[in-house]
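S.K.: Below is the file query-v4.tsv, which contains TSV, C-alpha atoms and all ligand atoms.
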```tsv
chain	number	residue	atom	x	y	z
A	961	MET	CA	173.05	-29.88	-26.52
A	962	LYS	CA	175.77	-30.46	-23.96
A	963	VAL	CA	175.98	-28.04	-21.04
A	964	ARG	CA	178.90	-27.84	-18.55
A	965	GLN	CA	177.60	-26.96	-15.11
A	966	ALA	CA	179.49	-24.84	-12.50
A	967	ASP	CA	180.57	-27.98	-10.62
A	968	GLY	CA	182.13	-29.38	-13.75
A	969	ASP	CA	179.44	-32.00	-14.50
A	970	GLU	CA	178.00	-32.15	-17.97
A	971	ALA	CA	174.30	-32.32	-18.72
A	972	ILE	CA	172.73	-33.23	-22.05
A	973	SER	CA	169.46	-31.61	-23.03
A	974	SER	CA	166.91	-33.10	-25.39
A	975	PRO	CA	167.48	-32.05	-29.01
A	976	ILE	CA	166.95	-28.37	-29.81
A	977	TRP	CA	165.91	-27.42	-33.37
A	978	ILE	CA	166.96	-24.02	-34.50
A	979	SER	CA	164.70	-22.84	-37.32
A	980	GLY	CA	166.39	-21.11	-40.23
A	981	GLY	CA	169.88	-21.64	-38.94
A	982	SER	CA	172.63	-20.06	-41.01
A	983	SER	CA	173.71	-23.35	-42.47
A	984	ASN	CA	170.23	-24.26	-43.77
A	985	GLN	CA	168.70	-22.66	-46.82
A	986	HIS	CA	164.96	-21.84	-46.67
A	987	PRO	CA	162.71	-23.71	-49.07
A	988	VAL	CA	161.03	-21.73	-51.85
A	989	CYS	CA	157.43	-22.11	-52.96
A	990	SER	CA	154.77	-20.58	-55.19
A	991	ILE	CA	151.20	-21.23	-56.25
A	992	THR	CA	151.03	-22.49	-59.84
A	993	THR	CA	147.24	-22.73	-60.12
A	994	PRO	CA	144.81	-20.98	-59.99
A	995	SER	CA	146.27	-17.85	-61.52
A	996	ASN	CA	145.88	-14.53	-59.74
A	997	GLY	CA	142.43	-13.02	-60.40
A	998	SER	CA	140.73	-16.29	-61.36
A	999	THR	CA	136.95	-16.46	-60.94
A	1000	PHE	CA	134.72	-19.41	-60.07
A	1001	SER	CA	131.02	-20.09	-59.58
A	1002	ALA	CA	129.73	-20.91	-56.12
A	1003	PRO	CA	129.75	-23.44	-54.60
A	1004	ALA	CA	133.22	-23.86	-56.14
A	1005	ILE	CA	135.72	-26.69	-56.24
A	1006	ILE	CA	139.15	-25.07	-56.56
A	1007	THR	CA	142.24	-27.12	-57.30
A	1008	ILE	CA	145.26	-25.36	-55.83
A	1009	GLY	CA	148.64	-26.46	-57.10
A	1010	ALA	CA	152.06	-25.38	-55.83
A	1011	ASN	CA	155.76	-25.74	-56.60
A	1012	ALA	CA	158.10	-26.13	-53.66
A	1013	SER	CA	161.78	-26.98	-53.49
A	1014	ASP	CA	164.71	-26.82	-51.10
A	1015	SER	CA	168.24	-26.24	-52.42
A	1016	ASP	CA	170.08	-28.03	-49.61
A	1017	GLY	CA	167.56	-30.59	-48.46
A	1018	SER	CA	164.01	-31.64	-49.10
A	1019	VAL	CA	160.50	-30.27	-48.70
A	1020	THR	CA	158.62	-32.20	-46.04
A	1021	LYS	CA	155.20	-30.60	-46.47
A	1022	VAL	CA	153.31	-27.85	-48.23
A	1023	GLU	CA	150.39	-26.28	-46.36
A	1024	PHE	CA	147.61	-24.42	-48.14
A	1025	TYR	CA	145.97	-21.33	-46.63
A	1026	GLN	CA	142.97	-19.14	-47.31
A	1027	GLY	CA	143.78	-15.94	-45.42
A	1028	SER	CA	145.07	-17.26	-42.10
A	1029	THR	CA	142.97	-20.43	-42.26
A	1030	LYS	CA	144.71	-23.65	-43.23
A	1031	ILE	CA	142.62	-25.52	-45.77
A	1032	GLY	CA	144.87	-28.52	-46.42
A	1033	GLU	CA	148.37	-29.89	-46.87
A	1034	ASP	CA	150.30	-32.21	-49.13
A	1035	ILE	CA	153.51	-33.99	-48.11
A	1036	SER	CA	154.64	-35.21	-51.54
A	1037	ALA	CA	155.22	-33.61	-54.92
A	1038	PRO	CA	153.33	-32.68	-56.98
A	1039	TYR	CA	151.76	-30.48	-54.32
A	1040	SER	CA	148.06	-29.82	-54.69
A	1041	ILE	CA	144.74	-29.94	-52.88
A	1042	SER	CA	141.13	-29.77	-53.96
A	1043	TRP	CA	139.29	-27.10	-51.99
A	1044	SER	CA	135.59	-27.84	-52.33
A	1045	GLY	CA	132.30	-26.28	-51.26
A	1046	VAL	CA	133.73	-22.79	-51.51
A	1047	SER	CA	131.06	-20.12	-50.95
A	1048	ALA	CA	130.77	-16.84	-52.86
A	1049	GLY	CA	133.44	-14.34	-51.80
A	1050	ASN	CA	136.98	-13.11	-52.37
A	1051	TYR	CA	139.88	-15.18	-51.12
A	1052	SER	CA	143.63	-14.72	-50.73
A	1053	LEU	CA	145.48	-18.02	-51.15
A	1054	THR	CA	149.02	-18.80	-50.04
A	1055	VAL	CA	151.12	-21.90	-49.51
A	1056	ARG	CA	153.75	-22.48	-46.86
A	1057	ALA	CA	156.57	-24.97	-47.46
A	1058	THR	CA	158.56	-26.63	-44.68
A	1059	ASP	CA	161.95	-28.25	-45.31
A	1060	ASN	CA	163.64	-31.19	-43.58
A	1061	ALA	CA	165.36	-28.83	-41.13
A	1062	GLY	CA	162.05	-27.25	-40.11
A	1063	SER	CA	162.63	-24.01	-41.97
A	1064	THR	CA	159.58	-22.49	-43.64
A	1065	ALA	CA	158.74	-20.12	-46.47
A	1066	THR	CA	155.43	-18.59	-47.55
A	1067	SER	CA	154.47	-17.91	-51.16
A	1068	LEU	CA	153.16	-14.69	-52.63
A	1069	PRO	CA	149.35	-14.55	-52.36
A	1070	VAL	CA	146.99	-15.37	-55.21
A	1071	SER	CA	143.55	-13.70	-55.18
A	1072	VAL	CA	140.50	-15.56	-56.44
A	1073	THR	CA	136.84	-14.61	-56.61
A	1074	VAL	CA	133.94	-17.02	-56.22
A	1075	ASN	CA	130.80	-15.52	-57.76
A	1076	ALA	CA	127.28	-16.23	-56.60
A	1077	ARG	CA	125.25	-18.19	-59.16
A	1078	SER	CA	122.47	-16.43	-61.02
A	1079	ILE	CA	119.09	-18.08	-61.01
A	1080	THR	CA	115.81	-16.75	-62.39
A	1081	VAL	CA	112.51	-17.82	-60.89
A	1082	ARG	CA	109.08	-17.01	-62.30
A	1083	ALA	CA	105.84	-17.26	-60.34
A	1084	ASP	CA	103.11	-19.29	-62.02
A	1085	SER	CA	99.99	-17.19	-62.59
A	1086	GLN	CA	96.99	-18.30	-60.58
A	1087	THR	CA	93.25	-17.76	-60.52
A	1088	LYS	CA	90.51	-18.43	-58.05
A	1089	VAL	CA	86.82	-17.81	-57.89
A	1090	TYR	CA	85.72	-15.09	-55.49
A	1091	GLY	CA	85.19	-16.59	-52.02
A	1092	ARG	CA	87.37	-19.64	-52.47
A	1093	SER	CA	90.64	-20.18	-50.60
A	1094	ASP	CA	93.88	-19.37	-52.42
A	1095	PRO	CA	95.56	-22.11	-54.44
A	1096	GLU	CA	99.17	-22.91	-53.59
A	1097	LEU	CA	101.53	-20.30	-55.04
A	1098	THR	CA	103.99	-22.13	-57.23
A	1099	TYR	CA	107.01	-21.12	-59.30
A	1100	GLU	CA	109.51	-22.49	-61.73
A	1101	VAL	CA	113.19	-21.95	-62.39
A	1102	VAL	CA	113.47	-20.44	-65.87
A	1103	SER	CA	117.25	-20.03	-65.97
A	1104	GLY	CA	120.17	-21.26	-63.89
A	1105	SER	CA	120.02	-24.28	-61.66
A	1106	LEU	CA	120.53	-25.43	-58.10
A	1107	MET	CA	123.73	-27.20	-57.16
A	1108	GLY	CA	123.90	-30.44	-55.23
A	1109	SER	CA	121.40	-30.61	-52.41
A	1110	ASP	CA	120.62	-26.86	-52.35
A	1111	THR	CA	116.91	-26.12	-52.00
A	1112	PHE	CA	114.67	-23.08	-51.91
A	1113	ARG	CA	113.51	-21.80	-48.53
A	1114	GLY	CA	110.31	-19.89	-47.73
A	1115	GLY	CA	107.57	-19.22	-50.23
A	1116	LEU	CA	105.79	-16.73	-52.43
A	1117	SER	CA	103.12	-14.29	-51.31
A	1118	ARG	CA	100.57	-12.19	-53.12
A	1119	GLU	CA	99.24	-8.71	-52.88
A	1120	PRO	CA	96.40	-8.89	-50.34
A	1121	GLY	CA	92.75	-8.56	-51.32
A	1122	GLU	CA	89.74	-10.80	-51.73
A	1123	ASN	CA	87.58	-8.88	-54.18
A	1124	VAL	CA	87.36	-9.69	-57.87
A	1125	GLY	CA	90.42	-8.27	-59.61
A	1126	GLU	CA	94.06	-8.82	-60.41
A	1127	TYR	CA	96.78	-8.99	-57.77
A	1128	SER	CA	100.53	-9.46	-58.07
A	1129	ILE	CA	102.34	-12.57	-56.90
A	1130	ASN	CA	105.68	-11.59	-55.40
A	1131	GLN	CA	108.80	-13.26	-54.06
A	1132	GLY	CA	107.63	-13.26	-50.44
A	1133	THR	CA	110.18	-15.15	-48.35
A	1134	LEU	CA	111.44	-17.36	-51.18
A	1135	ASN	CA	115.22	-17.48	-50.91
A	1136	LEU	CA	118.38	-19.50	-51.41
A	1137	ASN	CA	121.71	-19.54	-49.62
A	1138	ASP	CA	124.27	-16.80	-50.26
A	1139	ASN	CA	125.76	-18.71	-53.18
A	1140	TYR	CA	122.87	-17.53	-55.37
A	1141	ILE	CA	121.49	-14.26	-56.67
A	1142	ILE	CA	117.80	-14.67	-57.44
A	1143	THR	CA	116.04	-12.70	-60.15
A	1144	PHE	CA	112.32	-12.99	-59.50
A	1145	LEU	CA	109.66	-12.53	-62.18
A	1146	GLU	CA	106.27	-11.63	-60.75
A	1147	SER	CA	103.02	-13.02	-62.04
A	1148	SER	CA	99.33	-12.25	-61.60
A	1149	PHE	CA	96.75	-13.67	-59.25
A	1150	THR	CA	93.27	-13.20	-60.63
A	1151	ILE	CA	90.07	-13.44	-58.61
A	1152	THR	CA	87.15	-14.12	-60.90
A	1153	GLU	CA	83.44	-13.51	-60.40
A	1154	ARG	CA	81.47	-16.13	-58.61
A	1155	PRO	CA	78.54	-17.51	-60.61
A	1156	VAL	CA	75.25	-17.44	-58.73
A	1157	THR	CA	71.94	-18.39	-60.36
A	1158	VAL	CA	68.79	-16.94	-58.88
A	1159	THR	CA	65.22	-17.70	-59.76
A	1160	ALA	CA	62.28	-15.45	-59.00
A	1161	GLU	CA	59.69	-17.35	-57.03
A	1162	SER	CA	56.27	-17.58	-58.66
A	1163	LYS	CA	53.66	-15.37	-57.01
A	1164	MET	CA	49.91	-15.25	-57.39
A	1165	LYS	CA	47.38	-12.75	-56.26
A	1166	ASN	CA	43.68	-12.39	-56.60
A	1167	PHE	CA	42.48	-9.58	-58.78
A	1168	GLY	CA	42.21	-6.44	-56.73
A	1169	ASP	CA	44.57	-7.57	-53.98
A	1170	THR	CA	47.83	-5.68	-53.37
A	1171	ASP	CA	50.96	-7.20	-54.94
A	1172	PRO	CA	52.71	-9.79	-52.84
A	1173	GLY	CA	56.42	-9.15	-52.14
A	1174	LEU	CA	58.59	-10.53	-54.94
A	1175	THR	CA	61.24	-12.96	-53.74
A	1176	ILE	CA	64.12	-14.94	-55.21
A	1177	ILE	CA	65.83	-18.16	-54.40
A	1178	ILE	CA	69.43	-19.12	-55.22
A	1179	THR	CA	69.31	-22.18	-57.41
A	1180	SER	CA	73.07	-22.61	-57.86
A	1181	GLY	CA	76.13	-21.18	-56.10
A	1182	ARG	CA	76.01	-19.27	-52.84
A	1183	LEU	CA	76.79	-15.88	-51.41
A	1184	ILE	CA	80.02	-15.37	-49.48
A	1185	GLY	CA	80.23	-14.04	-45.94
A	1186	THR	CA	77.97	-11.04	-45.43
A	1187	ASP	CA	77.40	-10.43	-49.13
A	1188	THR	CA	73.80	-9.61	-50.10
A	1189	PHE	CA	71.92	-8.87	-53.29
A	1190	HIS	CA	71.31	-5.25	-54.18
A	1191	GLY	CA	68.25	-3.77	-55.88
A	1192	SER	CA	64.81	-5.26	-56.33
A	1193	LEU	CA	62.85	-7.35	-58.77
A	1194	CYS	CA	60.41	-5.93	-61.29
A	1195	GLN	CA	57.19	-7.55	-62.19
A	1196	GLY	CA	56.16	-8.10	-65.80
A	1197	LYS	CA	53.08	-9.57	-67.38
A	1198	ARG	CA	53.23	-13.16	-68.56
B	1	CA	CA	166.79	-26.32	-46.47
B	2	CA	CA	151.00	-34.65	-53.71
```
Could you write out this structure as structure tokens?
M.R.:
Amino acid sequence: MKVRQADGDEAISSPIWISGGSSNQHPVCSITTPSNGSTFSAPAIITIGANASDSDGSVTKVEFYQGSTKIGEDISAPYSISWSGVSAGNYSLTVRATDNAGSTATSLPVSVTVNARSITVRADSQTKVYGRSDPELTYEVVSGSLMGSDTFRGGLSREPGENVGEYSINQGTLNLNDNYIITFLESSFTITERPVTVTAESKMKNFGDTDPGLTIIITSGRLIGTDTFHGSLCQGKR
């Protein structure tokens, strides 16, 4: 731009671009794919395609947005990007075209939904003998699958208790990232009776003496913690 100063000298500024000047037509653009309301499964790879044109010049770039966040651009037709690793959620997509004169235009938005993946996990049923330590609580995926390098976090837990009986195995802290909805199927944890073999010790007495105390010894297995035998032995004739 040339400027005449008060003293009559002329100065030349660096170039000034005037966006959307009256002589330049704005470009036009629209999203061609995905269609409005499309759904995907997380983590999604979404190909976004756009048309863009400029009636009195050329399109120099098309930028792709999710909300106000730019997710990519393409400088040559056909205009498209692959948006990958998209988490579950709702997104509003737009494209913005720029022409050779620096004028821009933004498309109408397209809404897409990325759904969390369904996965069903079932606890394996477990048993242990009374007094033993718990086996590892394991599970299996009975429907759905993990994507890529996704892994489970945390682990199962069971209803507390150490006596003989049946307890439930529940989800505990087992979890996945927000791209999944877990359905958990509980299973049972059974504590079984502990086998203990006892043998009465042989006793003798002389005729007329009082009976000696009858005693037992454990010949296989053992008692747990402070457990004791109840009741008493009876004597029979042999
Ligand atoms: Ca133009
Ligand atoms: Ca291209």
S.K.: Residues within 6 Å of ligand CA 1 (chain B), counting all atoms listed in the file: report them as a list in words.
M.R.: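 Listing the residues within 6 Å of ligand CA 1 (chain B) gives Asn984, Gln985, His986, Pro987, Asp1014, Asp1016, Gly1017 and Asp1059 of chain A.
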S.K.: Find the spatial neighbours of Ile1005 in chain A, counting all atoms listed in the file, within a cut-off of 10 Å - ignore same-chain residues fewer than 3 positions away - and output them as a list in words.
M.R.: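 In the requested format, the answer is Phe1000, Ser1001, Ala1002, Ile1008, Ser1042, Trp1043, Ser1044, Gly1045, Val1046, Ser1047 and Val1074 of chain A.
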S.K.: Any residue with an atom at most 12 Å from ligand CA 2 (chain B) counts, using only C-alpha atoms and all ligand atoms. Which are they? Put them as an MDAnalysis selection string.
M.R.: chainID A and resid 1008:1012 1019:1023 1032:1042
S.K.: Is it possible to get the residues within 6 Å of (100.3, -11.4, -58.4) (coordinates as in the file, counting all atoms listed in the file) written as number ranges by chain?
M.R.: A: 1118, 1127-1129, 1147-1149
S.K.: Distance CA of Pro1003 in chain A-CA of Thr1098 in chain A, one decimal place?
M.R.: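 Result for CA of Pro1003 in chain A versus CA of Thr1098 in chain A: 25.9 Å, one decimal.
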S.K.: Find, counting all atoms listed in the file, the residue in A:Glu1146, A:Asp1171, A:Asp1187, A:Glu1161 that gets nearest to Gln1086 in chain A.
M.R.: A:Glu1146
S.K.: What does the distance from CA of Gly1125 in chain A to CA of Thr1150 in chain A come to in Å, to one decimal?
M.R.: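 Separating CA of Gly1125 in chain A from CA of Thr1150 in chain A is a distance of 5.8 Å.
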S.K.: In Å, with one decimal, what is the gap from CA of Ile1079 in chain A to CA of Gly1049 in chain A?
M.R.: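 Computed distance, CA of Ile1079 in chain A to CA of Gly1049 in chain A, equals 17.5 Å.
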S.K.: Applying 12 Å and all atoms listed in the file, which residues near Arg1092 in chain A remain after dropping the ones on its own chain fewer than 6 positions away? List them as a list in words.
M.R.: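 Counting only the stated atoms, we get Glu1122, Asn1123, Val1124, Thr1150, Ile1151, Thr1152, Glu1153, Arg1154, Gly1181, Arg1182, Leu1183, Ile1184 and Gly1185 of chain A.
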S.K.: Write to file, as a compact mmCIF listing (two decimals), in the frame of the given file, the residues of the selection just made, with C-alpha atoms.
M.R.:
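File produced: again_29.txt:
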```
# COMPACT_ATOMS: atom_id res chain seq x y z
CA GLU A 1122 89.74 -10.80 -51.73
CA ASN A 1123 87.58 -8.88 -54.18
CA VAL A 1124 87.36 -9.69 -57.87
CA THR A 1150 93.27 -13.20 -60.63
CA ILE A 1151 90.07 -13.44 -58.61
CA THR A 1152 87.15 -14.12 -60.90
CA GLU A 1153 83.44 -13.51 -60.40
CA ARG A 1154 81.47 -16.13 -58.61
CA GLY A 1181 76.13 -21.18 -56.10
CA ARG A 1182 76.01 -19.27 -52.84
CA LEU A 1183 76.79 -15.88 -51.41
CA ILE A 1184 80.02 -15.37 -49.48
CA GLY A 1185 80.23 -14.04 -45.94
```
S.K.: From the set A:Ile1178, A:Val1081, A:Leu1068, A:Leu1053, which residue has the shortest atom-to-atom contact distance to Leu1116 in chain A, counting only C-alpha atoms?
M.R.: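 Nearest to Leu1116 in chain A: A:Val1081.
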S.K.: If you count all atoms listed in the file, which residues fall within 8 Å of Ala1160 in chain A, apart from same-chain ones fewer than 6 positions away, as a PyMOL selection string?
M.R.: chain A and resi 1174-1177
S.K.: Kindly output range 1048-1079 of chain A as an mmCIF file, in the frame of the given file, after building N, CA and C atoms.
M.R.:
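Wrote it out as rebuild.cif, contents follow:
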```cif
data_model
loop_
_atom_site.group_PDB
_atom_site.id
_atom_site.type_symbol
_atom_site.label_atom_id
_atom_site.label_comp_id
_atom_site.auth_asym_id
_atom_site.auth_seq_id
_atom_site.Cartn_x
_atom_site.Cartn_y
_atom_site.Cartn_z
ATOM 1 N N ALA A 1048 130.483 -18.106 -52.149
ATOM 2 C CA ALA A 1048 130.770 -16.840 -52.860
ATOM 3 C C ALA A 1048 131.603 -15.927 -51.967
ATOM 4 N N GLY A 1049 132.590 -15.258 -52.567
ATOM 5 C CA GLY A 1049 133.440 -14.340 -51.800
ATOM 6 C C GLY A 1049 134.784 -14.151 -52.486
ATOM 7 N N ASN A 1050 135.612 -13.326 -51.875
ATOM 8 C CA ASN A 1050 136.980 -13.110 -52.370
ATOM 9 C C ASN A 1050 137.954 -13.765 -51.413
ATOM 10 N N TYR A 1051 138.951 -14.429 -51.955
ATOM 11 C CA TYR A 1051 139.880 -15.180 -51.120
ATOM 12 C C TYR A 1051 141.318 -14.886 -51.518
ATOM 13 N N SER A 1052 142.199 -14.876 -50.497
ATOM 14 C CA SER A 1052 143.630 -14.720 -50.730
ATOM 15 C C SER A 1052 144.290 -16.050 -50.353
ATOM 16 N N LEU A 1053 144.883 -16.692 -51.362
ATOM 17 C CA LEU A 1053 145.480 -18.020 -51.150
ATOM 18 C C LEU A 1053 146.985 -17.911 -51.038
ATOM 19 N N THR A 1054 147.560 -18.682 -50.123
ATOM 20 C CA THR A 1054 149.020 -18.800 -50.040
ATOM 21 C C THR A 1054 149.366 -20.251 -49.722
ATOM 22 N N VAL A 1055 150.619 -20.606 -49.965
ATOM 23 C CA VAL A 1055 151.120 -21.900 -49.510
ATOM 24 C C VAL A 1055 152.357 -21.656 -48.649
ATOM 25 N N ARG A 1056 152.579 -22.587 -47.721
ATOM 26 C CA ARG A 1056 153.750 -22.480 -46.860
ATOM 27 C C ARG A 1056 154.497 -23.814 -46.925
ATOM 28 N N ALA A 1057 155.755 -23.749 -47.350
ATOM 29 C CA ALA A 1057 156.570 -24.970 -47.460
ATOM 30 C C ALA A 1057 157.462 -25.095 -46.232
ATOM 31 N N THR A 1058 157.650 -26.338 -45.800
ATOM 32 C CA THR A 1058 158.560 -26.630 -44.680
ATOM 33 C C THR A 1058 159.633 -27.591 -45.187
ATOM 34 N N ASP A 1059 160.902 -27.322 -44.860
ATOM 35 C CA ASP A 1059 161.950 -28.250 -45.310
ATOM 36 C C ASP A 1059 162.333 -29.235 -44.205
ATOM 37 N N ASN A 1060 163.280 -30.123 -44.518
ATOM 38 C CA ASN A 1060 163.640 -31.190 -43.580
ATOM 39 C C ASN A 1060 164.322 -30.676 -42.320
ATOM 40 N N ALA A 1061 164.773 -29.407 -42.332
ATOM 41 C CA ALA A 1061 165.360 -28.830 -41.130
ATOM 42 C C ALA A 1061 164.350 -27.980 -40.364
ATOM 43 N N GLY A 1062 163.103 -27.991 -40.814
ATOM 44 C CA GLY A 1062 162.050 -27.250 -40.110
ATOM 45 C C GLY A 1062 161.959 -25.799 -40.494
ATOM 46 N N SER A 1063 162.687 -25.395 -41.517
ATOM 47 C CA SER A 1063 162.630 -24.010 -41.970
ATOM 48 C C SER A 1063 161.434 -23.843 -42.902
ATOM 49 N N THR A 1064 160.794 -22.687 -42.837
ATOM 50 C CA THR A 1064 159.580 -22.490 -43.640
ATOM 51 C C THR A 1064 159.695 -21.284 -44.552
ATOM 52 N N ALA A 1065 158.855 -21.267 -45.557
ATOM 53 C CA ALA A 1065 158.740 -20.120 -46.470
ATOM 54 C C ALA A 1065 157.304 -20.037 -46.925
ATOM 55 N N THR A 1066 156.814 -18.808 -47.108
ATOM 56 C CA THR A 1066 155.430 -18.590 -47.550
ATOM 57 C C THR A 1066 155.436 -17.951 -48.923
ATOM 58 N N SER A 1067 154.526 -18.419 -49.777
ATOM 59 C CA SER A 1067 154.470 -17.910 -51.160
ATOM 60 C C SER A 1067 153.852 -16.525 -51.213
ATOM 61 N N LEU A 1068 153.938 -15.900 -52.362
ATOM 62 C CA LEU A 1068 153.160 -14.690 -52.630
ATOM 63 C C LEU A 1068 151.691 -15.097 -52.698
ATOM 64 N N PRO A 1069 150.774 -14.186 -52.318
ATOM 65 C CA PRO A 1069 149.350 -14.550 -52.360
ATOM 66 C C PRO A 1069 148.790 -14.538 -53.784
ATOM 67 N N VAL A 1070 147.769 -15.346 -53.971
ATOM 68 C CA VAL A 1070 146.990 -15.370 -55.210
ATOM 69 C C VAL A 1070 145.552 -15.071 -54.824
ATOM 70 N N SER A 1071 144.944 -14.076 -55.491
ATOM 71 C CA SER A 1071 143.550 -13.700 -55.180
ATOM 72 C C SER A 1071 142.611 -14.412 -56.142
ATOM 73 N N VAL A 1072 141.534 -14.956 -55.598
ATOM 74 C CA VAL A 1072 140.500 -15.560 -56.440
ATOM 75 C C VAL A 1072 139.140 -15.055 -55.976
ATOM 76 N N THR A 1073 138.207 -15.052 -56.912
ATOM 77 C CA THR A 1073 136.840 -14.610 -56.610
ATOM 78 C C THR A 1073 135.891 -15.750 -56.924
ATOM 79 N N VAL A 1074 134.995 -16.036 -55.980
ATOM 80 C CA VAL A 1074 133.940 -17.020 -56.220
ATOM 81 C C VAL A 1074 132.633 -16.238 -56.322
ATOM 82 N N ASN A 1075 132.034 -16.280 -57.506
ATOM 83 C CA ASN A 1075 130.800 -15.520 -57.760
ATOM 84 C C ASN A 1075 129.576 -16.325 -57.372
ATOM 85 N N ALA A 1076 128.565 -15.594 -56.858
ATOM 86 C CA ALA A 1076 127.280 -16.230 -56.600
ATOM 87 C C ALA A 1076 126.678 -16.663 -57.942
ATOM 88 N N ARG A 1077 125.891 -17.698 -57.936
ATOM 89 C CA ARG A 1077 125.250 -18.190 -59.160
ATOM 90 C C ARG A 1077 123.966 -17.418 -59.410
ATOM 91 N N SER A 1078 123.715 -17.125 -60.665
ATOM 92 C CA SER A 1078 122.470 -16.430 -61.020
ATOM 93 C C SER A 1078 121.386 -17.454 -61.299
ATOM 94 N N ILE A 1079 120.209 -17.187 -60.755
ATOM 95 C CA ILE A 1079 119.090 -18.080 -61.010
ATOM 96 C C ILE A 1079 117.847 -17.209 -61.162
#
```
